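Presented below is the structure to which this report refers.
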Amino acid sequence: MPDTPHDDQPDGGTEREHDQPGERGDPTDGDQDPVADGGSDSSTPGTSDSHDGEIDETSKHDQLDEVRENPEGEELTSDHGVKISDTDNSLKAGERGPTIMEDFHFREKMTQFDHESIPERVVHARGTGAHGYFQPYEDPDLGDEYDDIEEVTKAKVLTDSDQKTPVFTRFSTVVGSRGSSDTVRDVRGFATKFYTEEGNWDLVGNNMPPFFIQDAMEFPDLVHAIKPEPDDGMPQASAAHDTFWDFASLKPEISHMIMWVLSGRALPRAYRMMQGFGVHTFRLVNDDGESVFVKFHWTPELGTHQLVWDETTKLWGKSSDFNRKGLYDVIEEGYDPEWELGIQIFDEEQAEEFDFDVLDPTKIVPETEVPVRPIGKMVLNETPDNFFAEVEQVAFHPGNVVPGIDFSNDPLLQGRLFSYQDTQLNRFGSANWDEIPINRPVAERHNNQRAGFMRQEINEGKASYKPNSIGDDDPQEVPEEEGGYEHYAEKISGKKIRNRSDSFEDHFTQARLFWNSMSEPEKQNIVDAAHFELGKVDRMEIRERMVYDLFNNVDHGFAKRVAEGIGVEPPESPGDELPDHDREDPSLSMENRTPDTIETRKIAMLIDDDFDDEHVSELRSALEDEGARVKIISKVLGEKSGANGETVEPDKHHVAAASVSFDAVLVPGGSESVDAMTQQGDPKHFVAEAFKHYKPIAAVGEGTELFEAVDLPDTDIADDGDLVSDAGVVTCRNDDLDEFAEKFIDAIAQHRHWDRDPEAVPA
Ligand code: HDE
């Protein structure tokens with residue numbers, strides 16, 4: 001059974017209310033924060049240090065309350081607090097005369113407007129975010145080698161199972177500009193800011209575990225190649241053009257990532273149904289200064305699911321905020337998406353045994369070599385109040401780490417440690433971006449930084465340098481034993497050189513591992529994606545290089561299948577160059593990441609007047625009891641009556657609803673209702689399109705006649721007295737609604753039914 005909405009909230013409470021600063025909560029509640037309550041606190045403006053160094057799930061929320069503004073019931077004022085009597089008419093010399101310069105209200109309103117936009121992120125411009133918390137598990141199972149998590153890291157955020165650390169997570173597409181569409185074929189960003197009691201930790205990852213390139217030096221080239229072409233500024237949010245594939249075809253190390261990007265991973269069904277990866281190898285460090293390597297993994301509770309290409313292109317027009325709105329809606333409706341954080345732990349000796357270099361970001365550590373150990377969970381339970389202030393202004397930086405978490409020498413990670421601080425300077429125009437409320441730590445902070453554009457803190461005292469005697473040499477440095485950050489003392493020696501390690505040279509073994517691990521429908525998805533992407537490439541030599549130099553070295557059969565669709569002569573077998581293995585890693589296939597749940601799935605129920613009342617009410621309850629979200633769709637809005645007099649309000653009418661926004665379709669009975677729908681094009685198109693996109697569809701009673709009217713190829717439909725479930729098409733002509741609902745729920749849990757051949761369906 002699904003959780004009750006928000007039952008993970010403290011005290012089983014519901015969504016928090018955003019009151020005016022100082023008005024939140026019960027004043028007698030011992031957890032109240034004097035700063036949030038408008039009380040005075042002299043030590044650290046803007047930090048919630050009233051928790052005596054302790055933080056909890058609400059600490060960030062309390063801190064943000066200090067700057068929340070709510071206009072409800074208030075008077076209009078200027079930015080400087082002067083009440084405004086007229087905000088529609090500028091001050092003029094005479095009724096029809098020119099505007100007068102002294103109109104401070106006009107100038108302020110217009111200047112604010114003229115300066116409203118800040119540079120969009122150079123990559124990951126389009127996104128959405130949510131607040132929540134992270135909590136480590138008590139005693140996580142780390143296998144035989146490690147007894148407990150403290151043996152691996154001293155980071156309290158990962159070890160203290162009593163602690164709920166507030167987080168803010170931003171999901172994003174990478175290539176498209178801020179106004180592009182959500183469902184493009186692209187990598188997705190998955191960045192989490194943990195406001196820990198030891199300072200902010202940013203885990204800035206993606207939804208795919210390898211990366212395109214091996215050295216940060218190549219990142220500007222990669223991004224220039226994939227972004228719109230510089231002469232005509234096209235195409236938007238797409239890799240399907242000559243410059244990207246030109247670059248790719250000359251960089252064999254990209255092969256592994258290309259396989260992921262061509263797969264369904266690049267078309268996520270929802271941000272809440274997406275895995276996340278730290279990508280690089282990181283270090284964890286324990287209290288004794290000992291270190292292990294780790295890879296970070298986020299695993300969604302709802303499974304990892306994809307859309308199909310035809311569906312995504314329709315969504316560009318019909319619901320271009322599909323992924324952003326999806327996250328927002330489920331949280332607002334009371335479902336709190338969850339991810340488990342897992343780590344793969346390996347030490348340096350183990351790392352040396354692998355047939356790849358763990359510092360090479362184009363490689364994963366296969367789960368067949370090192371299992372993922374779940375160590376905690378993240379819950380996202382609160383939408384932002386203001387998109388600009390929170391989602392746009394949140395600024396991540398992989399260099400934000402806390403004691404116990406450290407970097408590896410991965411040359412991509414090392415370069416990121418420079419780039420993110422630098423890019424924030426461009427976005428915010430000031431090194432004080434960390435003072436913006438969403439970026440501020442909840443942990444106290446004190447240092448000798450004092451100035452710069454838009455400084456918010458009023459740092460007291462005369463001495464802003466060290467050493468000083470005037471201010472007792474405060475703030476004091478903190479020894480490592482007392483929580484001061486100390487970098488892992490890795491022994492390094494070497495010549496100063498500009499080259500690439502030989503250990504980064506194998507470009508195809510893991511690309512082949514990925515291909516081998518896919519089911520046949522997943523393989524076909526990859527081939528179809530390659531046909532589309534390379535089909536958009538004008539230059540034949542680029543298409544040929546992709547097939548001959550890259551794909552043919554991944555898998556000969558794959559290369560031939562791609563060649564056939566894009567006018568390239570099928571390649572010869574590359575012989576020795578082909579990685580000689582048929583290894584598989586089942587964890588790579590999304591088909592093995594389908595837990596038995598339909599929670600948060602959106603089901604369209606198609607009806608018209610005189611629908612079968614019992615079908616509608618019973619099936620709706622059966623689906624909602626399992627956590628699905630049922631929406632009633634009809635030709636027009638306004639009350640509809642059942643044959644036995646029950647009434648329902650449709651949620652959407654045909655012009656505003658599309659099957660691509662739903663996970664499954666259900667047609668209840670009712671002879672007049674179904675008769676009406678068989679006369680209309682939209683319901684038939686709805687069913688046909690859902691079938692074409694491999695979605696579960698179900699019909700009961702006369703509802704089955706709508707399916708017959710659509711002509712679903714090679715599909716068994718129930719006759720009288722029957723209940724048939726055929727490749728996700730569930731139909732019922734008997735009275736057993738319970739069994740029908742059960743079969744439909746099973747079909748929805750499977751998500752997509754690839755064992756169908758919908759090619760002939762014209763939708
Ligand atoms: Fe980023 N990346 N990146 N990246 N990245 C940015 O920082 C960069 C890389 C990732 O929601 C930028 O604030 C370089 C890998 C995410 O705000 C910029 C390199 C991974 C986000 C930047 C990489 C990522 C960014 C643009 C190669 C997965 C969005 C705006 C060395 C592990 C964060 C910004 C958000 C954003 C640079 C490669 C993930 C320019 C130089 C690998 C999720 O700093």
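Residue names in the structure tokens use chain letters A, B, ... in the order shown, residue numbers from 1 in each chain, and ligand numbers from 1 in the order shown.
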
Please identify all polymer residues within 10 Å of A:Glu505, counting only C-alpha atoms, omitting same-chain residues fewer than 6 positions from it, and present them as an MDAnalysis selection string.
chainID A and resid 252:253 356:357 360

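Using only C-alpha atoms, the protein and nucleic acid residues lying no more than 8 Å from stretch 720-734 of chain A, apart from those fewer than 5 places from it along its own chain, are Tyr694, Lys695, Pro696, Ile697, Ala698, Ala699, Val700, Gly701, Glu702, Thr704, Thr715, Phe740, Lys743, Phe744, Ala747, Ile748, Arg752, His753, Trp754, Asp755 and Arg756 of chain A.
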
Kindly export the residues of the current selection with C-alpha atoms, as an mmCIF file, in the first residue's frame.
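Produced file out_13.cif, reproduced below:
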```cif
data_model
loop_
_atom_site.group_PDB
_atom_site.id
_atom_site.type_symbol
_atom_site.label_atom_id
_atom_site.label_comp_id
_atom_site.auth_asym_id
_atom_site.auth_seq_id
_atom_site.Cartn_x
_atom_site.Cartn_y
_atom_site.Cartn_z
ATOM 1 C CA TYR A 694 3.468 0.643 -25.522
ATOM 2 C CA LYS A 695 1.325 1.868 -22.612
ATOM 3 C CA PRO A 696 -1.098 -0.293 -20.663
ATOM 4 C CA ILE A 697 -4.659 0.245 -21.849
ATOM 5 C CA ALA A 698 -7.785 -1.332 -20.427
ATOM 6 C CA ALA A 699 -11.487 -1.478 -21.261
ATOM 7 C CA VAL A 700 -14.379 -3.054 -19.471
ATOM 8 C CA GLY A 701 -17.933 -3.890 -20.563
ATOM 9 C CA GLU A 702 -19.000 -1.826 -23.567
ATOM 10 C CA THR A 704 -14.115 -2.866 -25.206
ATOM 11 C CA THR A 715 -4.316 -8.026 -29.986
ATOM 12 C CA PHE A 740 -9.820 -6.791 -13.973
ATOM 13 C CA LYS A 743 -4.581 -7.279 -14.045
ATOM 14 C CA PHE A 744 -4.617 -3.628 -15.090
ATOM 15 C CA ALA A 747 0.160 -4.014 -16.432
ATOM 16 C CA ILE A 748 0.679 -0.432 -15.215
ATOM 17 C CA ARG A 752 5.699 -0.220 -21.031
ATOM 18 C CA HIS A 753 4.802 -3.348 -22.984
ATOM 19 C CA TRP A 754 7.501 -3.839 -25.570
ATOM 20 C CA ASP A 755 6.081 -7.196 -26.644
ATOM 21 C CA ARG A 756 3.721 -5.387 -29.019
#
```

Do a neighbour search on A:Glu382 at 7 Å with only C-alpha atoms, toss out local chain neighbours closer than 6 positions, and write the hits as a list in words. Ala130, His131, Gly132 and Ile331 of chain A

Could you please take those selected residues and save N, CA and C atoms as a short mmCIF file (atom, residue, chain, number, x, y, z; two decimals), in the first residue's frame?
```cif
data_model
loop_
_atom_site.label_atom_id
_atom_site.label_comp_id
_atom_site.auth_asym_id
_atom_site.auth_seq_id
_atom_site.Cartn_x
_atom_site.Cartn_y
_atom_site.Cartn_z
N ALA A 130 13.38 21.07 -5.80
CA ALA A 130 12.49 20.86 -4.64
C ALA A 130 13.34 20.72 -3.38
N HIS A 131 12.70 21.07 -2.27
CA HIS A 131 13.34 20.91 -0.96
C HIS A 131 13.00 19.54 -0.39
N GLY A 132 13.79 19.12 0.54
CA GLY A 132 13.51 17.86 1.22
C GLY A 132 14.57 17.60 2.26
N ILE A 331 4.46 16.57 -5.77
CA ILE A 331 4.75 17.05 -4.40
C ILE A 331 3.57 17.87 -3.89
#
```

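Atom to atom, atom CA of A:Asp202 and atom CA of A:Val122 stand 18.7 Å apart.
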
Per residue of stretch 576-654 of chain A within 12 Å of stretch 274-280 of chain A, which atom pair is closest and at what distance in Å (one decimal), using only C-alpha atoms, listed by chain and increasing number, as a Markdown table?
```
| residue | atom | partner | partner_atom | distance |
| --- | --- | --- | --- | --- |
| A:Ser587 | CA | A:Gln275 | CA | 11.4 |
| A:Leu588 | CA | A:Gln275 | CA | 10.9 |
| A:Ser589 | CA | A:Gln275 | CA | 11.9 |
| A:Met590 | CA | A:Gln275 | CA | 9.9 |
| A:Arg593 | CA | A:Gln275 | CA | 9.7 |
| A:Thr594 | CA | A:Met274 | CA | 11.4 |
```

- request: Write out as a ChimeraX atom specification each polymer residue whose atoms come within 12 Å of A:Lys193, counting only C-alpha atoms; drop sequence neighbours fewer than 6 positions from it.
  value: /A:60,129-134,157,165-171,199-205,378,390-391,394-402,438-442

Selection as an MDAnalysis selection string: residues within 8 Å of ligand 1 by only C-alpha atoms and all ligand atoms: chainID A and resid 120:125 127 169:172 174 188:191 204:206 209:211 213 215:220 277:280 361 391:392 394:397 411:416 418:424

Quick one: write out the picked residues with C-alpha atoms as a PDB file, in the first residue's frame?
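Contents of the output file out-v5.pdb:
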```pdb
ATOM      1  CA  GLU A 120      21.229  31.484 -17.962  1.00  0.00           C
ATOM      2  CA  ARG A 121      23.489  28.615 -17.021  1.00  0.00           C
ATOM      3  CA  VAL A 122      25.842  27.874 -19.914  1.00  0.00           C
ATOM      4  CA  VAL A 123      24.747  24.241 -19.594  1.00  0.00           C
ATOM      5  CA  HIS A 124      21.821  22.837 -17.571  1.00  0.00           C
ATOM      6  CA  ALA A 125      19.887  26.087 -18.136  1.00  0.00           C
ATOM      7  CA  GLY A 127      15.420  22.857 -14.652  1.00  0.00           C
ATOM      8  CA  THR A 169      17.739  19.171  -5.394  1.00  0.00           C
ATOM      9  CA  ARG A 170      17.698  20.636  -8.881  1.00  0.00           C
ATOM     10  CA  PHE A 171      16.998  18.501 -11.959  1.00  0.00           C
ATOM     11  CA  SER A 172      17.798  19.811 -15.405  1.00  0.00           C
ATOM     12  CA  VAL A 174      21.770  19.993 -20.281  1.00  0.00           C
ATOM     13  CA  ARG A 188      19.672  15.087 -17.131  1.00  0.00           C
ATOM     14  CA  GLY A 189      21.378  16.907 -14.278  1.00  0.00           C
ATOM     15  CA  PHE A 190      20.706  15.696 -10.742  1.00  0.00           C
ATOM     16  CA  ALA A 191      22.298  18.134  -8.306  1.00  0.00           C
ATOM     17  CA  VAL A 204      26.377  17.569  -8.582  1.00  0.00           C
ATOM     18  CA  GLY A 205      25.599  14.532 -10.692  1.00  0.00           C
ATOM     19  CA  ASN A 206      23.787  13.322 -13.787  1.00  0.00           C
ATOM     20  CA  PRO A 209      27.043   7.296 -14.796  1.00  0.00           C
ATOM     21  CA  PRO A 210      29.741   7.827 -17.449  1.00  0.00           C
ATOM     22  CA  PHE A 211      30.647  11.103 -19.179  1.00  0.00           C
ATOM     23  CA  ILE A 213      35.126  13.226 -22.265  1.00  0.00           C
ATOM     24  CA  ASP A 215      39.630  15.813 -19.370  1.00  0.00           C
ATOM     25  CA  ALA A 216      37.979  19.093 -18.334  1.00  0.00           C
ATOM     26  CA  MET A 217      40.055  20.809 -20.999  1.00  0.00           C
ATOM     27  CA  GLU A 218      37.722  19.318 -23.632  1.00  0.00           C
ATOM     28  CA  PHE A 219      34.482  20.526 -22.041  1.00  0.00           C
ATOM     29  CA  PRO A 220      34.206  23.834 -23.949  1.00  0.00           C
ATOM     30  CA  PHE A 277      25.107   9.262 -10.325  1.00  0.00           C
ATOM     31  CA  GLY A 278      28.033  11.214  -8.924  1.00  0.00           C
ATOM     32  CA  VAL A 279      29.884  10.050 -12.080  1.00  0.00           C
ATOM     33  CA  HIS A 280      33.424  10.575 -10.798  1.00  0.00           C
ATOM     34  CA  PRO A 361      35.087   9.423 -16.096  1.00  0.00           C
ATOM     35  CA  VAL A 391      15.659  27.267  -8.609  1.00  0.00           C
ATOM     36  CA  GLU A 392      17.369  29.882 -10.737  1.00  0.00           C
ATOM     37  CA  VAL A 394      20.676  27.923  -6.502  1.00  0.00           C
ATOM     38  CA  ALA A 395      24.347  27.564  -7.355  1.00  0.00           C
ATOM     39  CA  PHE A 396      26.118  24.242  -7.104  1.00  0.00           C
ATOM     40  CA  HIS A 397      29.796  23.599  -6.865  1.00  0.00           C
ATOM     41  CA  PRO A 411      40.901  15.156 -14.499  1.00  0.00           C
ATOM     42  CA  LEU A 412      37.296  15.988 -15.279  1.00  0.00           C
ATOM     43  CA  LEU A 413      36.433  16.476 -11.620  1.00  0.00           C
ATOM     44  CA  GLN A 414      39.582  18.483 -11.034  1.00  0.00           C
ATOM     45  CA  GLY A 415      38.582  20.911 -13.803  1.00  0.00           C
ATOM     46  CA  ARG A 416      35.050  21.199 -12.445  1.00  0.00           C
ATOM     47  CA  PHE A 418      37.543  25.538 -10.980  1.00  0.00           C
ATOM     48  CA  SER A 419      34.645  25.935 -13.418  1.00  0.00           C
ATOM     49  CA  TYR A 420      31.672  26.067 -11.066  1.00  0.00           C
ATOM     50  CA  GLN A 421      32.970  28.914  -8.892  1.00  0.00           C
ATOM     51  CA  ASP A 422      33.930  30.762 -12.049  1.00  0.00           C
ATOM     52  CA  THR A 423      30.551  30.295 -13.720  1.00  0.00           C
ATOM     53  CA  GLN A 424      28.710  31.562 -10.630  1.00  0.00           C
TER      54      GLN A 424
END
```

- request: Can you check which residues of stretch 574-686 of chain A DSSP gives as helix (DSSP H, G or I) on the backbone and send them as a PyMOL selection string?
  value: chain A and resi 575-577+586-588+590-592+613-625+654-656+659-661+671-678+681-686

Neighbour list for A:Glu591 as a VMD selection string, cut-off 12 Å, only C-alpha atoms, skip fewer than 6 positions in-chain
chain A and resid 264 to 265 303 to 306 517 to 523 749 to 754

Surrounding residues of A:Gly557 excluding itself and chain neighbours under 5 positions, 9 Å, only C-alpha atoms, as a VMD selection string:
chain A and resid 552 562 573

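Nearest to A:Glu480 of all the residues A:Asp288, A:Asp347, A:Asp735, A:Asp609 is A:Asp288, counting only C-alpha atoms.
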